[in-house]
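Content type PDB, C-alpha atoms, from the file my_file36.pdb:
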```
MODEL        1
ATOM      1  CA  MET C   1     131.478  97.561  92.462
ATOM      2  CA  GLY C   2     129.301  96.666  89.478
ATOM      3  CA  GLU C   3     129.349  97.792  85.882
ATOM      4  CA  LYS C   4     128.839 101.355  84.649
ATOM      5  CA  CYS C   5     125.340 102.835  84.562
ATOM      6  CA  TYR C   6     123.639 102.366  81.200
ATOM      7  CA  LEU C   7     122.026 105.804  81.439
ATOM      8  CA  CYS C   8     124.527 108.298  82.882
ATOM      9  CA  GLY C   9     127.699 106.310  82.214
ATOM     10  CA  LYS C  10     129.296 107.741  85.379
ATOM     11  CA  GLY C  11     127.882 105.728  88.246
ATOM     12  CA  ARG C  12     128.234 102.085  89.167
ATOM     13  CA  LEU C  13     125.360  99.638  89.390
ATOM     14  CA  THR C  14     124.695  97.578  92.485
ATOM     15  CA  SER C  15     122.047  94.912  92.944
ATOM     16  CA  GLN C  16     119.495  95.734  95.635
ATOM     17  CA  LEU C  17     115.865  95.493  96.694
ATOM     18  CA  VAL C  18     114.142  98.752  95.780
ATOM     19  CA  ASP C  19     110.756 100.165  96.828
ATOM     20  CA  TYR C  20     108.450 100.741  93.859
ATOM     21  CA  ALA C  21     105.257 102.814  93.722
ATOM     22  CA  LEU C  22     102.884 103.567  90.854
ATOM     23  CA  TYR C  23     100.728 106.697  91.054
ATOM     24  CA  GLY C  24     101.756 107.054  94.683
ATOM     25  CA  ILE C  25     100.611 103.541  95.645
ATOM     26  CA  HIS C  26     103.325 101.241  96.998
ATOM     27  CA  LEU C  27     103.572  97.954  95.102
ATOM     28  CA  GLY C  28     106.433  96.397  97.043
ATOM     29  CA  LYS C  29     110.204  95.890  96.971
ATOM     30  CA  PHE C  30     111.767  94.465  93.838
ATOM     31  CA  GLN C  31     115.192  93.368  92.658
ATOM     32  CA  ALA C  32     116.976  96.030  90.578
ATOM     33  CA  GLU C  33     120.369  97.317  89.573
ATOM     34  CA  ALA C  34     120.650 100.854  91.010
ATOM     35  CA  CYS C  35     123.084 103.584  89.951
ATOM     36  CA  ASN C  36     124.987 105.276  92.784
ATOM     37  CA  LYS C  37     125.216 108.573  90.790
ATOM     38  CA  CYS C  38     121.957 109.235  88.915
ATOM     39  CA  ASN C  39     119.830 106.901  91.095
ATOM     40  CA  GLU C  40     118.287 105.271  88.016
ATOM     41  CA  ARG C  41     116.970 101.746  88.556
ATOM     42  CA  PHE C  42     116.966  98.852  86.123
ATOM     43  CA  TYR C  43     114.547  96.117  87.167
ATOM     44  CA  THR C  44     114.894  92.474  86.223
ATOM     45  CA  GLU C  45     112.421  91.007  83.755
ATOM     46  CA  ALA C  46     110.896  88.892  86.528
ATOM     47  CA  ALA C  47     110.507  91.945  88.773
ATOM     48  CA  SER C  48     108.871  93.923  85.935
ATOM     49  CA  LYS C  49     106.393  91.109  85.311
ATOM     50  CA  THR C  50     105.485  90.914  89.009
ATOM     51  CA  MET C  51     105.122  94.717  89.220
ATOM     52  CA  THR C  52     102.727  94.659  86.247
ATOM     53  CA  GLU C  53     100.632  91.848  87.774
ATOM     54  CA  ILE C  54     100.333  93.713  91.099
ATOM     55  CA  ALA C  55      99.436  96.981  89.324
ATOM     56  CA  LYS C  56      96.669  95.187  87.404
ATOM     57  CA  LYS C  57      95.284  93.560  90.584
ATOM     58  CA  LYS C  58      95.175  96.952  92.330
ATOM     59  CA  GLY C  59      93.359  98.567  89.387
ATOM     60  CA  LEU C  60      96.299 100.829  88.538
ATOM     61  CA  TRP C  61      97.056  99.413  85.103
ATOM     62  CA  GLY C  62      96.009 101.783  82.313
ATOM     63  CA  LEU C  63      94.947 104.668  84.569
ATOM     64  CA  GLN C  64      97.131 107.274  82.911
ATOM     65  CA  ALA C  65      95.276 109.227  80.238
ATOM     66  CA  ARG C  66      95.683 112.317  78.107
ATOM     67  CA  THR C  67      92.841 114.822  78.041
ATOM     68  CA  LYS C  68      92.248 118.366  76.846
ATOM     69  CA  LEU C  69      91.293 121.483  78.693
ATOM     70  CA  GLY C  70      87.905 122.927  77.775
ATOM     71  CA  TRP C  71      85.965 126.079  78.455
ATOM     72  CA  ALA C  72      83.052 126.267  80.911
ATOM     73  CA  GLY C  73      81.892 129.870  80.777
ATOM     74  CA  THR C  74      84.936 131.985  81.587
ATOM     75  CA  THR C  75      86.947 129.221  83.285
ATOM     76  CA  LEU C  76      88.928 126.260  82.024
ATOM     77  CA  ASP C  77      87.768 122.783  82.957
ATOM     78  CA  ILE C  78      89.544 119.445  82.910
ATOM     79  CA  ARG C  79      87.673 116.391  81.713
ATOM     80  CA  LEU C  80      88.541 113.275  83.657
ATOM     81  CA  PRO C  81      88.337 109.820  82.054
ATOM     82  CA  LYS C  82      85.794 107.390  83.479
ATOM     83  CA  LYS C  83      88.556 104.968  84.598
ATOM     84  CA  ILE C  84      90.052 107.614  86.901
ATOM     85  CA  ILE C  85      86.626 108.748  88.154
ATOM     86  CA  SER C  86      85.717 105.162  89.080
ATOM     87  CA  PHE C  87      89.104 104.321  90.604
ATOM     88  CA  MET C  88      89.025 107.405  92.850
ATOM     89  CA  GLY C  89      85.294 107.248  93.611
ATOM     90  CA  LEU C  90      84.737 110.822  92.423
ATOM     91  CA  LYS C  91      81.271 112.388  92.341
ATOM     92  CA  GLN C  92      79.953 115.706  91.104
ATOM     93  CA  GLY C  93      80.040 118.301  93.890
ATOM     94  CA  LYS C  94      82.960 116.642  95.708
ATOM     95  CA  GLU C  95      85.418 119.245  96.971
ATOM     96  CA  VAL C  96      89.021 119.257  95.765
ATOM     97  CA  ASP C  97      92.044 121.436  96.441
ATOM     98  CA  ILE C  98      94.127 122.386  93.412
ATOM     99  CA  TYR C  99      97.552 123.987  93.295
ATOM    100  CA  PRO C 100     100.492 124.222  90.911
ATOM    101  CA  GLU C 101     103.727 122.363  91.528
ATOM    102  CA  GLY C 102     106.111 124.317  89.335
ATOM    103  CA  LYS C 103     105.065 125.365  85.823
ATOM    104  CA  ASN C 104     104.186 121.932  84.401
ATOM    105  CA  ARG C 105     102.311 120.075  87.130
ATOM    106  CA  LEU C 106      98.848 120.641  88.570
ATOM    107  CA  VAL C 107      97.964 118.746  91.746
ATOM    108  CA  VAL C 108      94.342 117.915  92.541
ATOM    109  CA  GLU C 109      93.686 116.603  96.052
ATOM    110  CA  VAL C 110      90.279 115.124  96.791
ATOM    111  CA  GLN C 111      88.847 116.100 100.180
ATOM    112  CA  GLY C 112      87.048 113.756 102.573
TER     113      GLY C 112
ENDMDL
END
```

Translate this structure into structure tokens?
Amino acid sequence: MGEKCYLCGKGRLTSQLVDYALYGIHLGKFQAEACNKCNERFYTEAASKTMTEIAKKKGLWGLQARTKLGWAGTTLDIRLPKKIISFMGLKQGKEVDIYPEGKNRLVVEVQG
């Protein structure tokens, strides 16, 4: 078995090809050291560079943004950045389903 995990210190690292997705979009399988206890993955520098290049080509690079909730009458609204609107092809009047996933995550699913 390999060396101890850098993160948990309990598991052992093994080299393997690992699936990687960004924002739910699969980018491929990449070489990584994976911990058999905490499941953390440590990608090689070459793998990280390739993952970044693929993310940029797919328009995923820089999509994450921080925004604030605002008031619209008696309801809260969420302002979406233009990059996300364009990437997802969102339009005013488009229907979405929203639901909580625990206390700290809000899921918005675009319909049709």

message: I need the output of the PyMOL selection byres ((chain C and resi 76-85) around 12) for this file as a PyMOL selection string; which residues are they?
response: chain C and resi 23+59-75+86-92+94+98+106+108+110

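Going from atom CA of Gly9 of chain C to atom CA of Glu40 of chain C covers 11.1 Å.
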
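Interatomic distance, atom CA of Cys35 of chain C to atom CA of Lys58 of chain C: 28.8 Å.
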
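Atom CA of Asp97 of chain C is positioned 11.0 Å from atom CA of Gly112 of chain C.
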
Quick one: axis-aligned box around all listed atoms of segment 63-81 of chain C, 6 Å on every side, centre and edge lengths in Å to one decimal, written as AutoDock Vina command-line options.
```
--center_x 89.5 --center_y 118.3 --center_z 80.7 --size_x 27.2 --size_y 39.3 --size_z 19.7
```

query: So, counting only C-alpha atoms, which residue among C:Lys56, C:Lys37, C:His26, C:Lys49 is closest to Cys8 of chain C?
result: C:Lys37

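Closest approach to Leu17 of chain C from the set C:Glu3, C:Glu33, C:Glu101, C:Glu95 is made by C:Glu33, with distances taken over all atoms listed in the file.
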
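Running the PyMOL selection byres ((chain C and resi 18) around 8) on this file leaves C:Gln16, C:Leu17, C:Asp19, C:Tyr20, C:Lys29, C:Phe30, C:Gln31, C:Ala32 selected.
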
Selection result for the PyMOL selection byres ((chain C and resi 2) around 12) on this file, as a PDB file with C-alpha atoms, keeping the file's coordinate frame:
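Done, and the output landed in out_11.pdb:
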```
ATOM      1  CA  MET C   1     131.478  97.561  92.462  1.00  0.00           C
ATOM      2  CA  GLU C   3     129.349  97.792  85.882  1.00  0.00           C
ATOM      3  CA  LYS C   4     128.839 101.355  84.649  1.00  0.00           C
ATOM      4  CA  CYS C   5     125.340 102.835  84.562  1.00  0.00           C
ATOM      5  CA  TYR C   6     123.639 102.366  81.200  1.00  0.00           C
ATOM      6  CA  LYS C  10     129.296 107.741  85.379  1.00  0.00           C
ATOM      7  CA  GLY C  11     127.882 105.728  88.246  1.00  0.00           C
ATOM      8  CA  ARG C  12     128.234 102.085  89.167  1.00  0.00           C
ATOM      9  CA  LEU C  13     125.360  99.638  89.390  1.00  0.00           C
ATOM     10  CA  THR C  14     124.695  97.578  92.485  1.00  0.00           C
ATOM     11  CA  SER C  15     122.047  94.912  92.944  1.00  0.00           C
ATOM     12  CA  GLN C  16     119.495  95.734  95.635  1.00  0.00           C
ATOM     13  CA  GLU C  33     120.369  97.317  89.573  1.00  0.00           C
ATOM     14  CA  ALA C  34     120.650 100.854  91.010  1.00  0.00           C
ATOM     15  CA  CYS C  35     123.084 103.584  89.951  1.00  0.00           C
ATOM     16  CA  ASN C  36     124.987 105.276  92.784  1.00  0.00           C
TER      17      ASN C  36
END
```
